[in-house]
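Here is the file coords-v2.pdb (PDB, C-alpha atoms).
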```pdb
MODEL        1
ATOM      1  CA  MET A   1       0.000   0.000   0.000
ATOM      2  CA  GLU A   2       2.847   2.380   0.818
ATOM      3  CA  PHE A   3       4.387   1.822  -2.628
ATOM      4  CA  PHE A   4       1.027   2.551  -4.287
ATOM      5  CA  LEU A   5       0.688   5.793  -2.326
ATOM      6  CA  GLU A   6       4.226   6.856  -3.281
ATOM      7  CA  VAL A   7       3.524   6.235  -6.983
ATOM      8  CA  LEU A   8       0.203   8.067  -6.714
ATOM      9  CA  ALA A   9       1.692  11.049  -4.867
ATOM     10  CA  GLY A  10       4.611  11.246  -7.299
ATOM     11  CA  GLY A  11       2.200  11.200 -10.222
ATOM     12  CA  LEU A  12       0.039  13.933  -8.705
ATOM     13  CA  LEU A  13       3.058  16.153  -8.156
ATOM     14  CA  ALA A  14       4.368  15.514 -11.690
ATOM     15  CA  GLY A  15       0.908  16.297 -13.071
ATOM     16  CA  LEU A  16       1.141  19.807 -11.666
ATOM     17  CA  MET A  17       4.103  20.372 -14.003
ATOM     18  CA  TYR A  18       1.748  19.709 -16.915
ATOM     19  CA  SER A  19      -0.796  22.051 -15.356
ATOM     20  CA  LEU A  20       1.676  24.942 -15.435
ATOM     21  CA  VAL A  21       1.825  24.707 -19.227
ATOM     22  CA  ALA A  22      -1.932  24.151 -19.541
ATOM     23  CA  ILE A  23      -2.696  27.319 -17.540
ATOM     24  CA  GLY A  24      -1.062  29.406 -20.277
ATOM     25  CA  PHE A  25      -3.430  27.878 -22.831
ATOM     26  CA  VAL A  26      -6.442  28.544 -20.609
ATOM     27  CA  LEU A  27      -5.584  32.232 -20.218
ATOM     28  CA  ILE A  28      -5.403  32.813 -23.978
ATOM     29  CA  TYR A  29      -8.494  30.722 -24.686
ATOM     30  CA  LYS A  30     -10.558  32.607 -22.093
ATOM     31  CA  ALA A  31      -9.615  35.931 -23.675
ATOM     32  CA  SER A  32      -9.819  35.105 -27.382
ATOM     33  CA  GLY A  33     -11.597  31.771 -27.701
ATOM     34  CA  VAL A  34      -8.659  30.304 -29.619
ATOM     35  CA  PHE A  35      -6.210  27.517 -28.837
ATOM     36  CA  ASN A  36      -2.775  29.152 -28.610
ATOM     37  CA  PHE A  37      -0.462  26.677 -30.293
ATOM     38  CA  ALA A  38       2.449  29.052 -29.657
ATOM     39  CA  GLN A  39       2.424  28.457 -25.891
ATOM     40  CA  GLY A  40       5.056  25.727 -26.159
ATOM     41  CA  ALA A  41       7.319  28.064 -28.133
ATOM     42  CA  MET A  42       6.815  30.743 -25.464
ATOM     43  CA  VAL A  43       7.919  28.269 -22.786
ATOM     44  CA  LEU A  44      11.043  27.512 -24.836
ATOM     45  CA  PHE A  45      11.778  31.187 -25.543
ATOM     46  CA  ALA A  46      11.492  32.110 -21.861
ATOM     47  CA  ALA A  47      13.689  29.258 -20.647
ATOM     48  CA  LEU A  48      16.301  29.798 -23.361
ATOM     49  CA  THR A  49      16.480  33.550 -22.725
ATOM     50  CA  PHE A  50      16.827  33.049 -18.971
ATOM     51  CA  VAL A  51      19.539  30.386 -19.132
ATOM     52  CA  SER A  52      21.479  32.284 -21.819
ATOM     53  CA  LEU A  53      21.553  35.390 -19.624
ATOM     54  CA  LEU A  54      22.716  33.312 -16.665
ATOM     55  CA  GLU A  55      25.537  31.831 -18.710
ATOM     56  CA  ARG A  56      26.657  35.347 -19.637
ATOM     57  CA  GLY A  57      27.129  36.250 -15.983
ATOM     58  CA  VAL A  58      23.841  38.061 -15.325
ATOM     59  CA  PRO A  59      22.633  37.416 -11.731
ATOM     60  CA  PHE A  60      19.664  35.087 -11.215
ATOM     61  CA  TRP A  61      17.015  37.657 -10.316
ATOM     62  CA  ALA A  62      18.242  40.135 -12.915
ATOM     63  CA  SER A  63      17.981  37.366 -15.520
ATOM     64  CA  PHE A  64      14.455  36.617 -14.331
ATOM     65  CA  ALA A  65      13.429  40.288 -14.534
ATOM     66  CA  ILE A  66      14.970  40.781 -17.990
ATOM     67  CA  THR A  67      13.317  37.613 -19.286
ATOM     68  CA  LEU A  68       9.979  38.720 -17.879
ATOM     69  CA  LEU A  69      10.334  42.078 -19.637
ATOM     70  CA  ALA A  70      11.198  40.219 -22.839
ATOM     71  CA  MET A  71       8.032  38.112 -22.510
ATOM     72  CA  VAL A  72       5.930  41.245 -21.949
ATOM     73  CA  ALA A  73       7.539  42.853 -25.017
ATOM     74  CA  LEU A  74       6.786  39.689 -26.977
ATOM     75  CA  ALA A  75       3.157  39.858 -25.833
ATOM     76  CA  TRP A  76       2.947  43.501 -26.884
ATOM     77  CA  GLY A  77       4.348  42.672 -30.312
ATOM     78  CA  ILE A  78       1.930  39.765 -30.774
ATOM     79  CA  GLU A  79      -1.028  41.963 -29.861
ATOM     80  CA  ARG A  80       0.017  44.810 -32.149
ATOM     81  CA  VAL A  81       1.213  42.851 -35.162
ATOM     82  CA  VAL A  82      -0.975  39.738 -35.123
ATOM     83  CA  LEU A  83      -4.047  40.008 -32.907
ATOM     84  CA  ARG A  84      -5.184  43.566 -33.541
ATOM     85  CA  PRO A  85      -5.663  43.040 -37.307
ATOM     86  CA  LEU A  86      -7.572  39.808 -36.593
ATOM     87  CA  VAL A  87     -10.259  41.167 -34.253
ATOM     88  CA  ASN A  88     -13.625  39.440 -34.949
ATOM     89  CA  LYS A  89     -12.037  37.008 -37.383
ATOM     90  CA  PRO A  90     -13.078  33.311 -37.247
ATOM     91  CA  PRO A  91     -11.364  31.253 -34.512
ATOM     92  CA  ILE A  92      -9.657  29.067 -37.118
ATOM     93  CA  THR A  93      -7.904  32.186 -38.430
ATOM     94  CA  LEU A  94      -6.543  32.968 -34.966
ATOM     95  CA  PHE A  95      -5.490  29.360 -34.490
ATOM     96  CA  MET A  96      -3.547  29.369 -37.743
ATOM     97  CA  ALA A  97      -1.954  32.651 -36.681
ATOM     98  CA  THR A  98      -0.738  31.107 -33.402
ATOM     99  CA  LEU A  99       0.540  28.091 -35.322
ATOM    100  CA  GLY A 100       2.660  30.410 -37.446
ATOM    101  CA  LEU A 101       3.726  32.324 -34.342
ATOM    102  CA  SER A 102       5.083  29.152 -32.762
ATOM    103  CA  TYR A 103       7.590  28.728 -35.598
ATOM    104  CA  ILE A 104       8.451  32.433 -35.634
ATOM    105  CA  ILE A 105       9.132  32.466 -31.875
ATOM    106  CA  GLU A 106      11.263  29.317 -32.105
ATOM    107  CA  GLY A 107      13.218  30.865 -34.988
ATOM    108  CA  LEU A 108      13.683  34.090 -33.023
ATOM    109  CA  ALA A 109      14.959  32.130 -30.017
ATOM    110  CA  GLN A 110      17.454  30.275 -32.192
ATOM    111  CA  PHE A 111      18.573  33.498 -33.870
ATOM    112  CA  LEU A 112      19.164  35.230 -30.536
ATOM    113  CA  TRP A 113      20.618  32.427 -28.445
ATOM    114  CA  GLY A 114      21.640  29.578 -30.752
ATOM    115  CA  ALA A 115      20.430  25.980 -30.911
ATOM    116  CA  GLN A 116      22.711  24.250 -28.389
ATOM    117  CA  VAL A 117      21.386  22.384 -25.368
ATOM    118  CA  HIS A 118      21.742  24.117 -21.980
ATOM    119  CA  GLY A 119      21.660  22.719 -18.483
ATOM    120  CA  LEU A 120      19.657  24.731 -15.953
ATOM    121  CA  GLU A 121      20.267  24.515 -12.236
ATOM    122  CA  LEU A 122      17.760  26.277  -9.991
ATOM    123  CA  GLY A 123      19.342  25.126  -6.748
ATOM    124  CA  ILE A 124      16.425  22.806  -5.990
ATOM    125  CA  SER A 125      17.382  19.276  -5.033
ATOM    126  CA  ASP A 126      15.631  16.326  -6.676
ATOM    127  CA  GLU A 127      16.513  14.073  -3.764
ATOM    128  CA  PRO A 128      13.592  12.283  -2.065
ATOM    129  CA  LEU A 129      12.123  13.810   1.061
ATOM    130  CA  GLU A 130      10.079  11.840   3.573
ATOM    131  CA  VAL A 131       6.611  13.347   3.974
ATOM    132  CA  GLY A 132       4.068  11.461   6.061
ATOM    133  CA  GLY A 133       6.022   8.268   5.633
ATOM    134  CA  LEU A 134       6.213   8.671   1.827
ATOM    135  CA  LEU A 135       9.339   9.493  -0.167
ATOM    136  CA  LEU A 136       8.604  12.420  -2.476
ATOM    137  CA  SER A 137      10.825  14.441  -4.789
ATOM    138  CA  GLN A 138      11.826  17.816  -3.356
ATOM    139  CA  PHE A 139      11.754  19.277  -6.861
ATOM    140  CA  ASP A 140       8.209  18.024  -7.443
ATOM    141  CA  LEU A 141       7.115  19.464  -4.103
ATOM    142  CA  PHE A 142       8.580  22.836  -5.081
ATOM    143  CA  ALA A 143       6.826  22.690  -8.477
ATOM    144  CA  ALA A 144       3.539  21.811  -6.777
ATOM    145  CA  THR A 145       3.878  24.747  -4.385
ATOM    146  CA  THR A 146       4.676  27.055  -7.310
ATOM    147  CA  ALA A 147       1.608  25.867  -9.207
ATOM    148  CA  GLY A 148      -0.568  26.401  -6.144
ATOM    149  CA  VAL A 149       0.704  29.955  -5.626
ATOM    150  CA  LEU A 150       0.171  30.762  -9.321
ATOM    151  CA  VAL A 151      -3.395  29.479  -9.260
ATOM    152  CA  LEU A 152      -4.135  31.546  -6.150
ATOM    153  CA  LEU A 153      -2.676  34.723  -7.683
ATOM    154  CA  LEU A 154      -4.451  34.214 -11.007
ATOM    155  CA  SER A 155      -7.743  33.507  -9.257
ATOM    156  CA  LEU A 156      -7.443  36.756  -7.319
ATOM    157  CA  LEU A 157      -6.438  38.628 -10.485
ATOM    158  CA  PHE A 158      -9.336  37.403 -12.599
ATOM    159  CA  ASN A 159     -12.049  37.238  -9.942
ATOM    160  CA  LYS A 160     -11.328  40.233  -7.712
ATOM    161  CA  THR A 161     -10.078  42.917 -10.082
ATOM    162  CA  ARG A 162     -11.634  45.138 -12.715
ATOM    163  CA  MET A 163      -9.362  43.642 -15.333
ATOM    164  CA  GLY A 164     -10.664  40.176 -14.445
ATOM    165  CA  ILE A 165     -14.250  41.329 -14.898
ATOM    166  CA  SER A 166     -13.320  42.773 -18.280
ATOM    167  CA  LEU A 167     -11.664  39.507 -19.232
ATOM    168  CA  ARG A 168     -14.790  37.519 -18.416
ATOM    169  CA  ALA A 169     -16.856  39.952 -20.456
ATOM    170  CA  VAL A 170     -14.522  39.533 -23.430
ATOM    171  CA  ALA A 171     -14.655  35.755 -23.043
ATOM    172  CA  ASP A 172     -18.470  35.784 -23.069
ATOM    173  CA  ASP A 173     -18.976  38.108 -26.039
ATOM    174  CA  GLN A 174     -16.256  40.177 -27.691
ATOM    175  CA  LEU A 175     -18.637  42.440 -29.625
ATOM    176  CA  ALA A 176     -20.712  43.170 -26.519
ATOM    177  CA  ALA A 177     -17.545  43.924 -24.561
ATOM    178  CA  LEU A 178     -16.417  46.353 -27.257
ATOM    179  CA  SER A 179     -19.816  48.040 -27.257
ATOM    180  CA  VAL A 180     -19.559  48.923 -23.545
ATOM    181  CA  GLY A 181     -16.110  50.442 -23.921
ATOM    182  CA  ILE A 182     -13.828  47.543 -22.965
ATOM    183  CA  LYS A 183     -10.589  47.829 -24.899
ATOM    184  CA  LEU A 184     -10.197  44.382 -26.419
ATOM    185  CA  GLN A 185      -6.600  44.952 -27.555
ATOM    186  CA  ARG A 186      -5.527  46.017 -24.057
ATOM    187  CA  ILE A 187      -7.137  42.932 -22.505
ATOM    188  CA  TRP A 188      -5.465  40.660 -25.028
ATOM    189  CA  MET A 189      -2.066  42.218 -24.410
ATOM    190  CA  ILE A 190      -2.404  41.852 -20.627
ATOM    191  CA  VAL A 191      -3.518  38.234 -20.934
ATOM    192  CA  TRP A 192      -0.671  37.387 -23.317
ATOM    193  CA  ALA A 193       1.763  39.050 -20.905
ATOM    194  CA  VAL A 194       0.405  36.987 -17.995
ATOM    195  CA  ALA A 195       0.582  33.869 -20.182
ATOM    196  CA  GLY A 196       4.192  34.830 -20.923
ATOM    197  CA  PHE A 197       4.923  35.004 -17.190
ATOM    198  CA  VAL A 198       3.321  31.588 -16.679
ATOM    199  CA  GLY A 199       5.373  30.333 -19.627
ATOM    200  CA  LEU A 200       8.534  31.672 -17.954
ATOM    201  CA  VAL A 201       7.803  29.820 -14.712
ATOM    202  CA  ALA A 202       6.915  26.635 -16.592
ATOM    203  CA  GLY A 203      10.002  27.009 -18.776
ATOM    204  CA  LEU A 204      12.323  27.288 -15.779
ATOM    205  CA  LEU A 205      10.858  24.230 -14.069
ATOM    206  CA  TRP A 206      10.715  22.094 -17.214
ATOM    207  CA  GLY A 207      14.149  23.349 -18.280
ATOM    208  CA  ALA A 208      15.602  22.319 -14.934
ATOM    209  CA  ARG A 209      13.990  18.898 -15.294
ATOM    210  CA  LEU A 210      14.699  18.143 -18.989
ATOM    211  CA  GLY A 211      17.377  20.643 -19.966
ATOM    212  CA  VAL A 212      16.777  23.744 -22.083
ATOM    213  CA  GLN A 213      16.572  22.477 -25.656
ATOM    214  CA  PHE A 214      14.279  22.963 -28.616
ATOM    215  CA  SER A 215      12.345  19.781 -27.873
ATOM    216  CA  LEU A 216      11.124  21.668 -24.794
ATOM    217  CA  SER A 217       8.504  23.316 -27.009
ATOM    218  CA  LEU A 218       6.921  19.858 -27.453
ATOM    219  CA  VAL A 219       5.800  19.982 -23.828
ATOM    220  CA  VAL A 220       2.723  21.569 -25.391
ATOM    221  CA  LEU A 221       1.659  18.068 -26.449
ATOM    222  CA  LYS A 222       1.550  16.929 -22.823
ATOM    223  CA  ALA A 223      -0.783  19.797 -22.008
ATOM    224  CA  LEU A 224      -3.389  18.684 -24.554
ATOM    225  CA  PRO A 225      -4.829  15.792 -22.500
ATOM    226  CA  VAL A 226      -4.829  18.068 -19.453
ATOM    227  CA  LEU A 227      -6.939  20.653 -21.292
ATOM    228  CA  ILE A 228      -9.298  18.068 -22.764
ATOM    229  CA  ILE A 229      -9.990  16.582 -19.346
ATOM    230  CA  GLY A 230     -10.096  19.788 -17.297
ATOM    231  CA  GLY A 231     -11.719  22.049 -19.897
ATOM    232  CA  PHE A 232     -10.274  24.865 -21.970
ATOM    233  CA  THR A 233     -11.827  27.674 -19.930
ATOM    234  CA  SER A 234     -10.959  26.851 -16.323
ATOM    235  CA  ILE A 235      -7.700  27.475 -14.485
ATOM    236  CA  GLY A 236      -8.878  25.101 -11.766
ATOM    237  CA  GLY A 237      -9.705  22.599 -14.498
ATOM    238  CA  ALA A 238      -6.108  22.774 -15.709
ATOM    239  CA  ILE A 239      -4.943  21.810 -12.232
ATOM    240  CA  VAL A 240      -7.463  18.968 -11.889
ATOM    241  CA  GLY A 241      -6.677  17.728 -15.389
ATOM    242  CA  GLY A 242      -2.968  17.767 -14.626
ATOM    243  CA  LEU A 243      -3.496  15.788 -11.426
ATOM    244  CA  ILE A 244      -5.568  13.178 -13.267
ATOM    245  CA  ILE A 245      -3.064  12.831 -16.094
ATOM    246  CA  GLY A 246      -0.034  12.731 -13.796
ATOM    247  CA  ALA A 247      -1.506  10.129 -11.458
ATOM    248  CA  SER A 248      -3.000   7.923 -14.185
ATOM    249  CA  GLU A 249       0.130   7.778 -16.343
ATOM    250  CA  LYS A 250       2.376   6.841 -13.419
ATOM    251  CA  LEU A 251      -0.027   4.191 -12.115
ATOM    252  CA  ALA A 252      -0.498   2.806 -15.629
ATOM    253  CA  GLU A 253       3.273   2.609 -16.164
ATOM    254  CA  VAL A 254       3.829   0.764 -12.888
ATOM    255  CA  TYR A 255       0.852  -1.607 -12.911
ATOM    256  CA  LEU A 256      -0.059  -2.027 -16.587
ATOM    257  CA  GLY A 257       3.381  -1.507 -18.129
ATOM    258  CA  PRO A 258       4.744  -4.946 -17.142
ATOM    259  CA  LEU A 259       1.675  -6.579 -18.729
ATOM    260  CA  ILE A 260       1.587  -4.813 -22.102
ATOM    261  CA  GLY A 261       5.091  -3.402 -22.472
ATOM    262  CA  GLY A 262       7.008  -0.372 -21.221
ATOM    263  CA  GLY A 263       6.591   3.230 -22.276
ATOM    264  CA  ILE A 264       2.866   3.236 -21.575
ATOM    265  CA  GLU A 265       3.047   6.628 -19.872
ATOM    266  CA  ASN A 266       3.941   8.227 -23.211
ATOM    267  CA  TRP A 267       0.592   7.406 -24.791
ATOM    268  CA  PHE A 268      -1.793   6.503 -21.950
ATOM    269  CA  PRO A 269      -2.789  10.166 -21.293
ATOM    270  CA  TYR A 270      -4.067  10.457 -24.856
ATOM    271  CA  VAL A 271      -6.173   7.309 -24.472
ATOM    272  CA  LEU A 272      -7.674   8.807 -21.325
ATOM    273  CA  ALA A 273      -8.281  12.120 -23.102
ATOM    274  CA  LEU A 274     -10.007  10.316 -25.991
ATOM    275  CA  LEU A 275     -12.334   8.583 -23.542
ATOM    276  CA  PHE A 276     -13.187  11.957 -22.003
ATOM    277  CA  LEU A 277     -13.932  13.355 -25.464
ATOM    278  CA  LEU A 278     -16.403  10.526 -26.049
ATOM    279  CA  VAL A 279     -18.113  10.922 -22.670
ATOM    280  CA  ARG A 280     -17.724  14.634 -21.844
ATOM    281  CA  PRO A 281     -16.341  16.609 -24.805
ATOM    282  CA  ALA A 282     -16.204  19.921 -22.901
ATOM    283  CA  GLY A 283     -14.110  18.491 -20.062
ATOM    284  CA  ILE A 284     -14.902  18.389 -16.363
ATOM    285  CA  PHE A 285     -15.218  22.178 -15.989
ATOM    286  CA  GLY A 286     -16.239  23.019 -19.564
ATOM    287  CA  GLU A 287     -20.026  23.019 -19.290
ATOM    288  CA  ARG A 288     -20.370  26.783 -19.719
ATOM    289  CA  ALA A 289     -18.425  26.645 -23.001
ATOM    290  CA  ILE A 290     -20.896  24.049 -24.323
ATOM    291  CA  GLU A 291     -23.858  26.157 -23.280
ATOM    292  CA  ARG A 292     -22.512  29.235 -25.113
ATOM    293  CA  VAL A 293     -22.180  27.194 -28.301
TER     294      VAL A 293
ENDMDL
END
```

Written as structure tokens, how would this file's structure read?
Amino acid sequence: MEFFLEVLAGGLLAGLMYSLVAIGFVLIYKASGVFNFAQGAMVLFAALTFVSLLERGVPFWASFAITLLAMVALAWGIERVVLRPLVNKPPITLFMATLGLSYIIEGLAQFLWGAQVHGLELGISDEPLEVGGLLLSQFDLFAATTAGVLVLLLSLLFNKTRMGISLRAVADDQLAALSVGIKLQRIWMIVWAVAGFVGLVAGLLWGARLGVQFSLSLVVLKALPVLIIGGFTSIGGAIVGGLIIGASEKLAEVYLGPLIGGGIENWFPYVLALLFLLVRPAGIFGERAIERV
């Protein structure tokens, strides 16, 4: 039983790493109603910028601040150059725009910082720590705490502030929001900037775990099952979806892997997501999105 609990707890903590990426998707989708395929590239760009500054002798917190400013500048450029001309265009047009953006951002990252692989050390040990009789990764515990703090801050931002009210209005009906004086472009820029910050945090954690390399942008694929299960419009859903995916893939690898072959955790989340699509296409927290359609 203790081994089962350790596998389950480890999977839950790892799932929160997926949630960090999924939250960036949720923010953009809530504001524009489009799946931002460029989120993975933003994670890569943030991590690569940060680690490149560190390697050039810039102090840790200065590197973090400069990278954050770079992500805000990137958000401003995306809003001005791409989103503003596409206001009220069909969602498929915005999706194709973000698909193109993903390649542009990756190319920009390579142009600025090169294509070599970088190691990233955040000073967080990955040694096991005994918690309640269970051995858990210190790194995973730190990532879980970070995800929890982010969710709390984002919940306060979008539920207790005027900007959050404006965001919900834009998410419900962009034309109606424009008619009452809400500046759609300003909301989009703020949301993309916040998504850039989330991408920076996710990039640092994933970069420390996997190394900062261009395959890091493919972490976007791990976020897809999380979004399908949790729903595309809920930050809390991204967390729940991540927990479900993390726990199920680890348990499947340990208990089903020996029966049907190893590597099951690479594809099991997509099987689970497909089942959710058949039973509840909008995800656990996606009912409101279905009602609007």

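Applied to this file, the PyMOL selection byres ((chain A and resi 189-205) around 6) selects the residues Leu20, Gly24, Val43, Ala46, Ala47, Met71, Val72, Ala75, Trp76, Glu79, Arg186, Ile187, Trp188, Trp206, Gly207 and Ala208 of chain A.
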
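Of the residues listed (A:Ala97, A:Ala41, A:Met17, A:Leu135), A:Leu135 shows the shortest atom-to-atom separation from A:Phe4; distances use all atoms listed in the file.
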
Residues selected by the PyMOL selection byres ((chain A and resi 113-120) around 7), written as JSON, numbers by chain: {"A": [51, 52, 109, 110, 111, 112, 121, 122, 207, 208, 211, 212, 213]}

Taking (-11.4, 29.3, -18.1) in the file's coordinates, which residues come within 7 Å, counting only C-alpha atoms, written as a PyMOL selection string? chain A and resi 26-27+30+232-235

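In this structure, atom CA of A:Gly15 sits 7.2 Å away from atom CA of A:Ile244.
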
Name all residues at most 7 Å from A:Ala238 (count only C-alpha atoms; drop same-chain ones fewer than 2 positions away) and give them as a PyMOL selection string. chain A and resi 19+22-23+226-227+230+234-236+240-242

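Atom CA of A:Arg209 lies 21.8 Å from atom CA of A:Ala62.
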
Picked residues, the PyMOL selection byres ((chain A and resi 33) around 9), expected as a list of chain:residue names: A:Ile28, A:Tyr29, A:Lys30, A:Ala31, A:Ser32, A:Val34, A:Phe35, A:Pro91, A:Leu94, A:Ala171, A:Thr233

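The neighbours of A:Pro85 here are the residues that come within 12 Å of it, using all atoms listed in the file and leaving out any residue fewer than 4 positions away in the same chain; they are Ile78, Glu79, Arg80, Val81, Lys89, Thr93, Leu94, Ala97, Leu184 and Gln185 of chain A.
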
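Between A:Ser102 and the candidates A:Ala70, A:Leu134, A:Ala65, A:Val220, the tightest atom-to-atom separation, counting all atoms listed in the file, involves A:Val220.
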
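Among the candidate residues A:Ala282, A:Leu259, A:Leu74, A:Ala14, the one lying nearest to A:Ile105 is A:Leu74, with distances computed using all atoms listed in the file.
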
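For the pair atom CA of A:Leu108 and atom CA of A:Met42, the separation is 10.7 Å.
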
Per residue of stretch 82-136 of chain A within 12 Å of stretch 140-154 of chain A, what are the shortest atom pair and its distance in Å to one decimal, counting all atoms listed in the file, with rows by chain and residue number, as a Markdown table?
```
| residue | atom | partner | partner_atom | distance |
| --- | --- | --- | --- | --- |
| A:Leu122 | CA | A:Phe142 | CA | 11.0 |
| A:Gly123 | CA | A:Phe142 | CA | 11.1 |
| A:Ile124 | CA | A:Phe142 | CA | 7.9 |
| A:Ser125 | CA | A:Phe142 | CA | 9.5 |
| A:Asp126 | CA | A:Asp140 | CA | 7.7 |
| A:Glu127 | CA | A:Asp140 | CA | 9.9 |
| A:Pro128 | CA | A:Asp140 | CA | 9.5 |
| A:Leu129 | CA | A:Leu141 | CA | 9.1 |
| A:Glu130 | CA | A:Leu141 | CA | 11.2 |
| A:Val131 | CA | A:Leu141 | CA | 10.1 |
| A:Leu135 | CA | A:Leu141 | CA | 10.9 |
| A:Leu136 | CA | A:Leu141 | CA | 7.4 |
```

Might I get the box with edges along x, y and z of the file that holds all atoms of stretch 111-124 of chain A listed there, padded by 6 Å on every side, given as centre and edge lengths in Å to one decimal, as JSON?
```
{"center_x": 19.6, "center_y": 28.8, "center_z": -19.9, "size_x": 18.3, "size_y": 24.8, "size_z": 39.9}
```

List as an MDAnalysis selection string the protein and nucleic acid residues near stretch 254-257 of chain A, meaning an atom at most 12 Å away when only C-alpha atoms are counted, but skip any in the same chain fewer than 6 places from it. chainID A and resid 3:4 6:8 10:11 247:248 263:268

Please rebuild stretch 179-185 of chain A with all heavy atoms and give the result as an mmCIF file, keeping the file's coordinate frame.
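Saved result, part-v5.cif, follows:
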```cif
data_model
loop_
_atom_site.group_PDB
_atom_site.id
_atom_site.type_symbol
_atom_site.label_atom_id
_atom_site.label_comp_id
_atom_site.auth_asym_id
_atom_site.auth_seq_id
_atom_site.Cartn_x
_atom_site.Cartn_y
_atom_site.Cartn_z
ATOM 1 N N SER A 179 -18.739 47.054 -27.229
ATOM 2 C CA SER A 179 -19.816 48.040 -27.257
ATOM 3 C C SER A 179 -19.951 48.804 -25.948
ATOM 4 O O SER A 179 -20.500 49.909 -25.922
ATOM 5 C CB SER A 179 -21.145 47.351 -27.585
ATOM 6 O OG SER A 179 -21.552 46.497 -26.523
ATOM 7 N N VAL A 180 -19.469 48.227 -24.833
ATOM 8 C CA VAL A 180 -19.559 48.923 -23.545
ATOM 9 C C VAL A 180 -18.241 49.587 -23.175
ATOM 10 O O VAL A 180 -18.044 50.010 -22.029
ATOM 11 C CB VAL A 180 -20.002 47.950 -22.425
ATOM 12 C CG1 VAL A 180 -21.392 47.421 -22.691
ATOM 13 C CG2 VAL A 180 -19.001 46.804 -22.267
ATOM 14 N N GLY A 181 -17.323 49.665 -24.131
ATOM 15 C CA GLY A 181 -16.110 50.442 -23.921
ATOM 16 C C GLY A 181 -14.901 49.664 -23.443
ATOM 17 O O GLY A 181 -13.865 50.268 -23.118
ATOM 18 N N ILE A 182 -14.990 48.336 -23.369
ATOM 19 C CA ILE A 182 -13.828 47.543 -22.965
ATOM 20 C C ILE A 182 -12.847 47.488 -24.128
ATOM 21 O O ILE A 182 -13.220 47.170 -25.256
ATOM 22 C CB ILE A 182 -14.258 46.119 -22.556
ATOM 23 C CG1 ILE A 182 -15.118 46.173 -21.296
ATOM 24 C CG2 ILE A 182 -13.031 45.230 -22.315
ATOM 25 C CD1 ILE A 182 -15.666 44.826 -20.860
ATOM 26 N N LYS A 183 -11.607 47.813 -23.851
ATOM 27 C CA LYS A 183 -10.589 47.829 -24.899
ATOM 28 C C LYS A 183 -10.050 46.411 -25.100
ATOM 29 O O LYS A 183 -9.250 45.908 -24.307
ATOM 30 C CB LYS A 183 -9.455 48.782 -24.526
ATOM 31 C CG LYS A 183 -9.913 50.241 -24.443
ATOM 32 C CD LYS A 183 -8.763 51.152 -24.083
ATOM 33 C CE LYS A 183 -9.223 52.615 -24.018
ATOM 34 N NZ LYS A 183 -8.120 53.532 -23.654
ATOM 35 N N LEU A 184 -10.528 45.771 -26.162
ATOM 36 C CA LEU A 184 -10.197 44.382 -26.419
ATOM 37 C C LEU A 184 -8.690 44.182 -26.583
ATOM 38 O O LEU A 184 -8.110 43.241 -26.038
ATOM 39 C CB LEU A 184 -10.932 43.903 -27.679
ATOM 40 C CG LEU A 184 -10.751 42.441 -28.075
ATOM 41 C CD1 LEU A 184 -11.222 41.521 -26.965
ATOM 42 C CD2 LEU A 184 -11.502 42.142 -29.372
ATOM 43 N N GLN A 185 -8.036 45.109 -27.313
ATOM 44 C CA GLN A 185 -6.600 44.952 -27.555
ATOM 45 C C GLN A 185 -5.807 45.017 -26.247
ATOM 46 O O GLN A 185 -4.840 44.280 -26.061
ATOM 47 C CB GLN A 185 -6.111 46.027 -28.524
ATOM 48 C CG GLN A 185 -6.621 45.873 -29.946
ATOM 49 C CD GLN A 185 -7.998 46.497 -30.130
ATOM 50 O OE1 GLN A 185 -8.556 47.067 -29.184
ATOM 51 N NE2 GLN A 185 -8.551 46.385 -31.321
#
```
